[in-house]
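Dumped work_38.cif below, it's mmCIF, C-alpha atoms and all ligand atoms:
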data_run
#
loop_
_atom_site.label_atom_id
_atom_site.label_comp_id
_atom_site.auth_asym_id
_atom_site.auth_seq_id
_atom_site.Cartn_x
_atom_site.Cartn_y
_atom_site.Cartn_z
CA MET A 1 -24.22 -16.64 1.54
CA THR A 2 -23.67 -14.19 -1.27
CA THR A 3 -24.80 -10.57 -1.00
CA ALA A 4 -24.60 -8.19 -3.93
CA VAL A 5 -23.78 -4.65 -2.85
CA SER A 6 -24.24 -1.79 -5.22
CA THR A 7 -22.18 0.91 -3.64
CA SER A 8 -23.74 4.24 -4.53
CA ALA A 9 -27.02 3.92 -2.66
CA ALA A 10 -28.54 7.15 -1.27
CA PRO A 11 -27.51 7.72 2.40
CA HIS A 12 -30.03 7.48 5.21
CA PRO A 13 -31.27 11.03 6.02
CA ARG A 14 -29.83 10.84 9.59
CA ASN A 15 -26.34 9.77 8.44
CA PRO A 16 -23.64 12.27 7.41
CA PRO A 17 -23.61 12.81 3.66
CA ALA A 18 -21.75 10.05 1.91
CA ALA A 19 -18.31 10.93 0.58
CA SER A 20 -17.64 10.46 -3.09
CA ILE A 21 -14.66 8.12 -3.38
CA THR A 22 -13.09 7.05 -6.65
CA LEU A 23 -10.83 4.01 -6.54
CA LEU A 24 -7.95 3.51 -8.92
CA GLY A 25 -6.60 -0.04 -8.53
CA MET A 26 -9.04 -2.77 -7.53
CA GLY A 27 -6.59 -5.41 -6.28
CA ALA A 28 -6.68 -6.86 -2.77
CA ILE A 29 -6.45 -3.67 -0.73
CA GLY A 30 -8.57 -1.60 -3.15
CA THR A 31 -11.36 -4.19 -3.02
CA LEU A 32 -11.16 -4.44 0.78
CA MET A 33 -11.38 -0.65 1.15
CA ALA A 34 -14.35 -0.61 -1.26
CA TRP A 35 -16.02 -3.15 1.04
CA HIS A 36 -15.35 -0.93 4.09
CA TRP A 37 -16.64 2.10 2.21
CA ARG A 38 -19.67 0.41 0.70
CA SER A 39 -22.07 2.96 2.25
CA GLN A 40 -20.25 5.84 0.52
CA ARG A 41 -20.65 6.92 -3.10
CA LEU A 42 -18.05 4.73 -4.74
CA PHE A 43 -16.70 4.79 -8.26
CA CYS A 44 -13.80 3.10 -9.93
CA LEU A 45 -11.47 3.87 -12.78
CA SER A 46 -11.08 0.79 -14.88
CA ARG A 47 -9.27 0.34 -18.16
CA SER A 48 -12.44 -0.94 -19.79
CA GLN A 49 -14.44 2.11 -18.57
CA GLN A 50 -17.18 -0.40 -17.77
CA GLY A 51 -17.10 -0.22 -13.98
CA CYS A 52 -15.78 -3.00 -11.75
CA GLU A 53 -17.26 -6.12 -10.27
CA ARG A 54 -15.38 -7.84 -7.46
CA ARG A 55 -16.18 -10.57 -4.97
CA ILE A 56 -14.96 -10.37 -1.40
CA GLN A 57 -15.07 -13.02 1.29
CA ASP A 58 -15.45 -11.46 4.73
CA GLN A 59 -13.94 -12.82 7.93
CA GLN A 60 -17.01 -14.95 8.65
CA GLY A 61 -16.58 -16.64 5.26
CA ALA A 62 -19.58 -14.90 3.66
CA ASN A 63 -19.19 -13.80 0.04
CA HIS A 64 -20.28 -10.42 -1.23
CA THR A 65 -20.26 -8.94 -4.69
CA LEU A 66 -19.30 -5.31 -5.09
CA LEU A 67 -20.43 -3.38 -8.15
CA LEU A 68 -18.72 -0.05 -8.70
CA PRO A 69 -19.74 2.19 -11.58
CA HIS A 70 -17.05 3.86 -13.66
CA TRP A 71 -16.25 7.36 -12.41
CA ASP A 72 -18.45 9.88 -14.28
CA HIS A 73 -15.86 12.68 -13.83
CA ALA A 74 -18.18 14.59 -11.49
CA PRO A 75 -16.35 16.26 -8.53
CA THR A 76 -14.99 13.62 -6.16
CA ASP A 77 -13.88 14.03 -2.53
CA TRP A 78 -11.18 11.36 -2.76
CA LEU A 79 -9.23 9.64 -5.47
CA VAL A 80 -7.71 6.64 -3.71
CA ILE A 81 -4.83 4.98 -5.56
CA THR A 82 -4.06 1.39 -4.64
CA THR A 83 -2.18 0.35 -7.75
CA LYS A 84 1.30 -1.13 -7.58
CA ALA A 85 3.82 1.58 -6.70
CA ALA A 86 5.50 1.37 -10.12
CA ASP A 87 2.21 2.06 -11.94
CA THR A 88 1.24 5.18 -9.99
CA LEU A 89 2.37 8.02 -12.25
CA ASN A 90 1.32 6.28 -15.45
CA ALA A 91 -2.13 5.76 -13.99
CA LEU A 92 -2.38 9.36 -12.80
CA ARG A 93 -1.06 11.28 -15.82
CA PRO A 94 -4.16 10.75 -18.02
CA LEU A 95 -6.26 12.27 -15.20
CA GLN A 96 -4.56 15.66 -15.49
CA PRO A 97 -7.70 17.36 -16.99
CA ASP A 98 -9.71 16.02 -14.02
CA LEU A 99 -7.44 17.42 -11.29
CA PRO A 100 -9.66 20.49 -10.56
CA ARG A 101 -12.53 18.07 -9.82
CA ILE A 102 -10.55 15.97 -7.31
CA ASN A 103 -10.33 17.35 -3.76
CA ASN A 104 -7.88 14.85 -2.27
CA ILE A 105 -5.62 12.13 -3.58
CA LEU A 106 -4.69 9.29 -1.21
CA LEU A 107 -1.84 6.92 -2.09
CA LEU A 108 -2.45 3.68 -0.22
CA GLN A 109 0.32 1.43 -1.44
CA ASN A 110 3.37 -0.51 -0.39
CA GLY A 111 6.79 1.01 -0.76
CA MET A 112 8.26 4.49 -1.01
CA GLY A 113 9.47 6.69 -3.83
CA GLN A 114 6.21 6.99 -5.74
CA GLN A 115 4.78 9.53 -3.25
CA GLN A 116 7.61 11.96 -4.00
CA GLN A 117 7.12 11.43 -7.75
CA VAL A 118 3.39 12.23 -7.44
CA ALA A 119 4.03 15.28 -5.22
CA GLU A 120 6.51 16.64 -7.80
CA TRP A 121 4.13 15.98 -10.67
CA LEU A 122 1.20 17.68 -8.87
CA SER A 123 3.31 20.71 -7.96
CA GLN A 124 3.19 21.92 -11.60
CA PHE A 125 -0.55 22.52 -11.49
CA SER A 126 -2.25 25.48 -9.85
CA GLN A 127 -5.44 23.58 -9.03
CA ALA A 128 -3.91 20.43 -7.61
CA PRO A 129 -5.68 18.17 -5.10
CA GLN A 130 -4.31 17.77 -1.55
CA LEU A 131 -1.94 14.81 -1.39
CA TRP A 132 -2.38 12.19 1.33
CA VAL A 133 -0.42 9.04 1.96
CA GLY A 134 -1.45 6.03 3.96
CA ILE A 135 -0.43 2.64 5.24
CA SER A 136 -2.61 -0.29 6.11
CA THR A 137 -2.12 -3.32 8.29
CA GLU A 138 -5.26 -5.00 6.93
CA GLY A 139 -4.66 -8.49 5.59
CA ALA A 140 -6.21 -9.24 2.21
CA TYR A 141 -5.17 -11.28 -0.76
CA ARG A 142 -6.53 -12.11 -4.18
CA SER A 143 -7.51 -15.74 -4.61
CA SER A 144 -8.37 -15.10 -8.28
CA GLN A 145 -8.62 -12.13 -10.64
CA GLN A 146 -12.11 -11.22 -9.31
CA GLN A 147 -12.06 -12.63 -5.76
CA VAL A 148 -10.46 -11.15 -2.66
CA ILE A 149 -10.19 -12.80 0.75
CA TRP A 150 -10.21 -10.54 3.81
CA ALA A 151 -7.72 -12.48 5.92
CA GLY A 152 -7.00 -10.24 8.91
CA CYS A 153 -8.33 -7.13 10.59
CA GLY A 154 -6.00 -4.16 10.76
CA GLU A 155 -5.88 -0.41 10.74
CA THR A 156 -5.44 2.12 7.95
CA CYS A 157 -3.65 5.34 8.91
CA ILE A 158 -3.47 8.35 6.65
CA GLY A 159 -1.69 11.69 6.84
CA ARG A 160 -0.78 14.63 4.69
CA TRP A 161 2.25 14.26 2.47
CA SER A 162 3.29 17.83 3.11
CA GLU A 163 4.38 17.98 6.74
CA GLN A 164 3.94 21.78 6.88
CA ASP A 165 0.29 21.46 6.00
CA ARG A 166 -1.82 21.64 9.13
CA ILE A 167 -5.28 21.84 7.54
CA PRO A 168 -7.65 19.57 9.52
CA ALA A 169 -8.36 16.26 7.93
CA PRO A 170 -11.60 15.77 6.03
CA ALA A 171 -13.32 12.60 7.18
CA LEU A 172 -12.49 9.44 5.30
CA PRO A 173 -14.39 6.57 6.90
CA ASN A 174 -12.50 3.55 8.27
CA THR A 175 -9.20 5.40 8.41
CA ARG A 176 -7.32 7.17 11.19
CA SER A 177 -5.77 10.50 10.42
CA VAL A 178 -2.32 10.81 12.04
CA SER A 179 0.29 13.58 12.18
CA ASP A 180 3.34 11.26 12.02
CA ILE A 181 2.58 9.37 8.83
CA HIS A 182 6.15 9.74 7.52
CA THR A 183 7.62 8.04 10.60
CA ARG A 184 5.02 5.27 10.33
CA MET A 185 5.65 4.78 6.63
CA ARG A 186 9.38 4.48 7.23
CA ALA A 187 8.83 1.98 10.04
CA LYS A 188 6.61 -0.15 7.79
CA LEU A 189 9.12 0.15 4.94
CA ALA A 190 11.92 -1.12 7.21
CA ILE A 191 9.89 -4.20 8.21
CA ASN A 192 8.91 -4.89 4.59
CA ALA A 193 12.55 -4.46 3.52
CA VAL A 194 13.46 -7.37 5.81
CA ILE A 195 10.57 -9.80 5.31
CA ASN A 196 9.56 -9.23 1.69
CA PRO A 197 12.81 -9.76 -0.27
CA MET A 198 13.78 -12.80 1.80
CA THR A 199 10.41 -14.55 1.51
CA ALA A 200 10.23 -13.72 -2.21
CA VAL A 201 13.67 -15.21 -2.89
CA LEU A 202 13.42 -18.18 -0.51
CA GLN A 203 9.78 -18.78 -1.51
CA CYS A 204 8.77 -19.41 2.08
CA ARG A 205 5.97 -18.31 4.39
CA ASN A 206 6.80 -15.46 6.76
CA GLY A 207 7.08 -17.82 9.75
CA GLU A 208 9.80 -19.92 8.11
CA LEU A 209 12.18 -16.99 8.42
CA LEU A 210 12.15 -17.80 12.15
CA SER A 211 11.88 -21.58 12.18
CA ASN A 212 14.85 -22.09 9.85
CA ALA A 213 18.05 -21.22 11.77
CA ASP A 214 19.96 -20.16 8.66
CA TYR A 215 17.13 -17.91 7.41
CA SER A 216 16.81 -16.44 10.89
CA ARG A 217 20.53 -15.59 11.02
CA GLN A 218 20.36 -13.92 7.61
CA MET A 219 17.25 -12.04 8.65
CA THR A 220 19.10 -10.54 11.63
CA LEU A 221 21.99 -9.44 9.38
CA LEU A 222 19.59 -7.76 6.97
CA ALA A 223 17.60 -6.09 9.76
CA ASN A 224 20.76 -4.75 11.42
CA GLU A 225 21.96 -3.33 8.12
CA ILE A 226 18.68 -1.46 7.60
CA GLN A 227 18.65 -0.23 11.19
CA TRP A 228 22.17 1.14 10.61
CA LEU A 229 21.08 2.87 7.38
CA TYR A 230 18.18 4.56 9.19
CA GLN A 231 20.61 5.84 11.84
CA GLN A 232 22.88 7.26 9.12
CA LEU A 233 19.92 8.95 7.44
CA GLY A 234 18.64 10.37 10.72
CA TRP A 235 15.34 8.52 10.31
CA SER A 236 14.03 7.65 13.72
CA LEU A 237 13.24 4.00 14.39
CA ASP A 238 12.43 3.67 18.07
CA PHE A 239 12.64 -0.13 18.15
CA SER A 240 15.08 -2.90 17.36
CA LEU A 241 14.31 -3.80 13.74
CA ALA A 242 15.60 -7.36 14.13
CA GLN A 243 13.19 -7.86 17.02
CA ARG A 244 10.21 -6.08 15.41
CA ALA A 245 10.63 -7.89 12.08
CA ALA A 246 10.71 -11.20 13.98
CA GLU A 247 7.52 -10.25 15.84
CA VAL A 248 5.76 -9.38 12.58
CA ALA A 249 6.99 -12.61 10.93
CA GLN A 250 5.63 -14.51 13.96
CA ALA A 251 2.28 -12.72 13.92
CA THR A 252 1.92 -13.36 10.17
CA ALA A 253 3.64 -16.77 10.22
CA ASN A 254 1.17 -18.39 7.82
CA ASN A 255 1.13 -15.50 5.35
CA LEU A 256 2.68 -15.44 1.95
CA SER A 257 4.20 -11.96 1.83
CA SER A 258 2.83 -9.68 -0.86
CA SER A 259 6.15 -9.92 -2.74
CA LEU A 260 6.07 -13.72 -2.69
CA GLN A 261 2.47 -13.64 -3.94
CA ASP A 262 3.64 -11.42 -6.81
CA VAL A 263 6.49 -13.82 -7.65
CA LEU A 264 4.16 -16.84 -7.56
CA ASN A 265 1.64 -15.05 -9.77
CA GLN A 266 4.39 -13.90 -12.14
CA ARG A 267 3.63 -10.25 -11.48
CA PRO A 268 6.39 -7.67 -11.00
CA THR A 269 7.14 -7.23 -7.29
CA GLU A 270 7.25 -3.88 -5.51
CA LEU A 271 10.76 -4.51 -4.23
CA ASN A 272 12.21 -1.71 -6.36
CA TYR A 273 10.09 0.60 -4.19
CA ILE A 274 11.07 -1.15 -0.92
CA THR A 275 14.64 -2.47 -1.00
CA GLY A 276 15.38 -0.46 -4.17
CA PHE A 277 14.25 2.75 -2.51
CA LEU A 278 16.57 2.11 0.48
CA LEU A 279 19.47 1.34 -1.85
CA GLN A 280 18.87 4.67 -3.61
CA GLN A 281 18.95 6.51 -0.27
CA ALA A 282 22.16 4.69 0.66
CA GLN A 283 23.76 5.55 -2.69
CA LYS A 284 22.94 9.25 -2.26
CA HIS A 285 25.00 9.17 0.95
CA GLN A 286 27.77 6.91 -0.43
CA LEU A 287 26.74 4.10 1.89
CA SER A 288 26.69 0.47 0.90
CA LEU A 289 24.08 -2.15 1.83
CA PRO A 290 25.55 -5.51 0.77
CA HIS A 291 22.79 -7.64 2.29
CA SER A 292 19.94 -5.63 0.75
CA GLU A 293 21.76 -5.60 -2.57
CA TYR A 294 22.27 -9.36 -2.40
CA TRP A 295 18.55 -10.11 -1.90
CA LEU A 296 17.44 -7.74 -4.63
CA GLN A 297 19.98 -9.16 -7.06
CA GLN A 298 18.82 -12.66 -6.21
CA LEU A 299 15.43 -11.67 -7.40
CA GLY A 300 16.91 -10.62 -10.71
CA GLU A 301 15.42 -7.18 -10.56
CA ARG A 302 17.16 -3.93 -11.16
CA SER A 303 18.06 -2.36 -7.85
CA ARG A 304 16.61 1.05 -8.52
CA ASN A 305 13.26 2.58 -9.35
CA GLU A 306 12.50 2.66 -13.02
O1 LIG B 401 3.23 -6.19 4.73
C1 LIG B 401 3.56 -7.33 4.56
C2 LIG B 401 3.62 -7.81 3.15
O2 LIG B 401 3.52 -9.00 2.91
O3 LIG B 401 3.73 -6.93 2.26
C3 LIG B 401 3.96 -8.20 5.73
C4 LIG B 401 3.88 -7.39 6.99
C5 LIG B 401 5.35 -8.70 5.52
C6 LIG B 401 3.01 -9.34 5.95
O4 LIG B 401 3.07 -10.34 5.00
#

For the file at hand, write its structure as structure tokens.
Ligand code: KPL
Amino acid sequence: MTTAVSTSAAPHPRNPPAASITLLGMGAIGTLMAWHWRSQRLFCLSRSQQGCERRIQDQQGANHTLLLPHWDHAPTDWLVITTKAADTLNALRPLQPDLPRINNILLLQNGMGQQQQVAEWLSQFSQAPQLWVGISTEGAYRSSQQQVIWAGCGETCIGRWSEQDRIPAPALPNTRSVSDIHTRMRAKLAINAVINPMTAVLQCRNGELLSNADYSRQMTLLANEIQWLYQQLGWSLDFSLAQRAAEVAQATANNLSSSLQDVLNQRPTELNYITGFLLQQAQKHQLSLPHSEYWLQQLGERSRNE
């Protein structure tokens, strides 16, 4: 079954007014969020300025086509950025004249480092939008340029970047607003910093990190190193990383990690914003992370954010 969904339909009179959401980055997670938000007023920012058409296969195997018009620069409640971490500032800079018309910016991406860059960039402007950051455990991948498969249900948590800011959250459907987003982001980063570089280098599914004894031993070494770094940085991690990373690898055993998908599709990976970000933190404190360094070097990428 194929359903075409045009996303800016007028809301039913009994429903709360639809939020205006502009999406920048229509890859796997951007397309999945557009599907969740299909009853809102959705727009996209595409290079062609022509709007975006994407297909998504839901969990029952039904296909839907999403048609998002190009953002008309009218005031928008949310600008949601789901580009690759490395592309964030370059995508945002041309929107500087639009900032007074954007109420909130949400960065929903893998990795860390880009949030700080955006916060610093926004701080120069008097009429800057509120900055939000988020993490998602939804499973989605692109099976072709236009087609996304929704592979696993998850949760998307968002929170304010500025921890002092206690303004109540405006509603963003299908997300949970949390007060400890920084702790959650760091926990997710730690897990990604174990699974992603190893699977990308070894070109294996997540589950193979457990079934192969040598991989499993190396995974424990890497996890223990990152757990040690977090202790040195005073970043709380209230679980054993070796154990949690193994649980996640088990739960996603058949997955190709996002970094491996990037390698296989000859796209740049986000590891400079995962492992690279941790190496930068370590360097600031004169700490060394030989295992993390090894995996990043294996991938032939420079071990710091560009
Ligand atoms: O988040 C992931 C990723 O691939 O980026 C994990 C949890 C490792 C699942 O594949």

Using all atoms listed in the file, what does the table of chain A residues within 7 Å of ligand LIG 401 (chain B) look like, with each row giving the shortest atom pair and its distance in Å to one decimal, sorted by chain and ascending number, as CSV?
residue,atom,partner,partner_atom,distance
A:Asn110,CA,B:LIG401,O3,7.0
A:Ile191,CA,B:LIG401,C4,6.9
A:Asn192,CA,B:LIG401,C5,5.3
A:Ile195,CA,B:LIG401,C5,5.3
A:Asn196,CA,B:LIG401,C5,5.7
A:Asn206,CA,B:LIG401,O4,6.6
A:Val248,CA,B:LIG401,C4,6.2
A:Ala249,CA,B:LIG401,C5,6.9
A:Thr252,CA,B:LIG401,C6,5.9
A:Asn255,CA,B:LIG401,O4,5.5
A:Leu256,CA,B:LIG401,O4,6.0
A:Ser257,CA,B:LIG401,O2,3.2
A:Ser258,CA,B:LIG401,O2,3.9
A:Ser259,CA,B:LIG401,O2,6.3

Rounded to one decimal in Å, what is the spacing between atom CA of Ala242 of chain A and atom CA of Cys204 of chain A?
18.4 Å

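Separating atom CA of Asn272 of chain A from atom CA of Leu189 of chain A is a distance of 11.9 Å.
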
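Take atom CA of Gly111 of chain A and atom CA of Leu241 of chain A: the distance between them is 17.0 Å.
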
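Taking only C-alpha atoms into account, Gln115 of chain A lies nearest to A:Thr88 out of the set A:Thr137, A:Ser177, A:Thr88, A:Gln232.
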
Spatial neighbours of segment 53-57 of chain A, 12 Å, all atoms listed in the file, chain gap at least 3 places, as a PyMOL selection string
chain A and resi 1-7+25-36+38+43-46+48+50+60-70+140-152

Take the residues from that selection and put them in a file with C-alpha atoms, as a tab-separated table (two decimals), in the frame of the given file.
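Generated file (again39.tsv):
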chain	number	residue	atom	x	y	z
A	1	MET	CA	-24.22	-16.64	1.54
A	2	THR	CA	-23.67	-14.19	-1.27
A	3	THR	CA	-24.80	-10.57	-1.00
A	4	ALA	CA	-24.60	-8.19	-3.93
A	5	VAL	CA	-23.78	-4.65	-2.85
A	6	SER	CA	-24.24	-1.79	-5.22
A	7	THR	CA	-22.18	0.91	-3.64
A	25	GLY	CA	-6.60	-0.04	-8.53
A	26	MET	CA	-9.04	-2.77	-7.53
A	27	GLY	CA	-6.59	-5.41	-6.28
A	28	ALA	CA	-6.68	-6.86	-2.77
A	29	ILE	CA	-6.45	-3.67	-0.73
A	30	GLY	CA	-8.57	-1.60	-3.15
A	31	THR	CA	-11.36	-4.19	-3.02
A	32	LEU	CA	-11.16	-4.44	0.78
A	33	MET	CA	-11.38	-0.65	1.15
A	34	ALA	CA	-14.35	-0.61	-1.26
A	35	TRP	CA	-16.02	-3.15	1.04
A	36	HIS	CA	-15.35	-0.93	4.09
A	38	ARG	CA	-19.67	0.41	0.70
A	43	PHE	CA	-16.70	4.79	-8.26
A	44	CYS	CA	-13.80	3.10	-9.93
A	45	LEU	CA	-11.47	3.87	-12.78
A	46	SER	CA	-11.08	0.79	-14.88
A	48	SER	CA	-12.44	-0.94	-19.79
A	50	GLN	CA	-17.18	-0.40	-17.77
A	60	GLN	CA	-17.01	-14.95	8.65
A	61	GLY	CA	-16.58	-16.64	5.26
A	62	ALA	CA	-19.58	-14.90	3.66
A	63	ASN	CA	-19.19	-13.80	0.04
A	64	HIS	CA	-20.28	-10.42	-1.23
A	65	THR	CA	-20.26	-8.94	-4.69
A	66	LEU	CA	-19.30	-5.31	-5.09
A	67	LEU	CA	-20.43	-3.38	-8.15
A	68	LEU	CA	-18.72	-0.05	-8.70
A	69	PRO	CA	-19.74	2.19	-11.58
A	70	HIS	CA	-17.05	3.86	-13.66
A	140	ALA	CA	-6.21	-9.24	2.21
A	141	TYR	CA	-5.17	-11.28	-0.76
A	142	ARG	CA	-6.53	-12.11	-4.18
A	143	SER	CA	-7.51	-15.74	-4.61
A	144	SER	CA	-8.37	-15.10	-8.28
A	145	GLN	CA	-8.62	-12.13	-10.64
A	146	GLN	CA	-12.11	-11.22	-9.31
A	147	GLN	CA	-12.06	-12.63	-5.76
A	148	VAL	CA	-10.46	-11.15	-2.66
A	149	ILE	CA	-10.19	-12.80	0.75
A	150	TRP	CA	-10.21	-10.54	3.81
A	151	ALA	CA	-7.72	-12.48	5.92
A	152	GLY	CA	-7.00	-10.24	8.91

Return as AutoDock Vina command-line options the centre and edge lengths, in Å with one decimal, of the box along x, y and z that encloses every atom of segment 73-77 of chain A in the file, padded by 3 Å per side.
--center_x -16.0 --center_y 14.5 --center_z -8.2 --size_x 10.3 --size_y 9.6 --size_z 17.3

List as a ChimeraX atom specification the residues having at least one atom at most 8 Å from position (-10.1, 11.7, -5.2) as given in the file, counting only C-alpha atoms.
/A:20-23,76-80,102-106,129

Surrounding residues of Gly234 of chain A excluding itself and chain neighbours under 4 positions, 12 Å, only C-alpha atoms, as JSON, numbers by chain
{"A": [183, 186, 227, 228, 229, 230, 238, 281, 285]}

Write the selection just made, keeping C-alpha atoms, as a short mmCIF file (atom, residue, chain, number, x, y, z; two decimals), keeping the file's coordinate frame?
data_model
loop_
_atom_site.label_atom_id
_atom_site.label_comp_id
_atom_site.auth_asym_id
_atom_site.auth_seq_id
_atom_site.Cartn_x
_atom_site.Cartn_y
_atom_site.Cartn_z
CA THR A 183 7.62 8.04 10.60
CA ARG A 186 9.38 4.48 7.23
CA GLN A 227 18.65 -0.23 11.19
CA TRP A 228 22.17 1.14 10.61
CA LEU A 229 21.08 2.87 7.38
CA TYR A 230 18.18 4.56 9.19
CA ASP A 238 12.43 3.67 18.07
CA GLN A 281 18.95 6.51 -0.27
CA HIS A 285 25.00 9.17 0.95
#

Smallest atom-to-atom distance to Val201 of chain A: which of A:Ala246, A:Leu299, A:Val133, A:Met219, using only C-alpha atoms?
A:Leu299

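The shell of residues at most 12 Å from Glu225 of chain A, with all atoms listed in the file counted and near chain neighbours (fewer than 6 positions) removed, consists of A:Ala190, A:Ala193, A:Val194, A:Gln218, A:Met219, A:Gln231, A:Gln232, A:Ser240, A:Leu241, A:Ala242, A:Thr275, A:Leu278, A:Leu279, A:Ala282, A:Leu287, A:Ser288, A:Leu289, A:Pro290, A:His291, A:Ser292, A:Glu293.
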
Quick one: of A:Asn212, A:Gly207, A:Ile135, A:Gln280, who's nearest to Ile181 of chain A, counting all atoms listed in the file?
A:Ile135
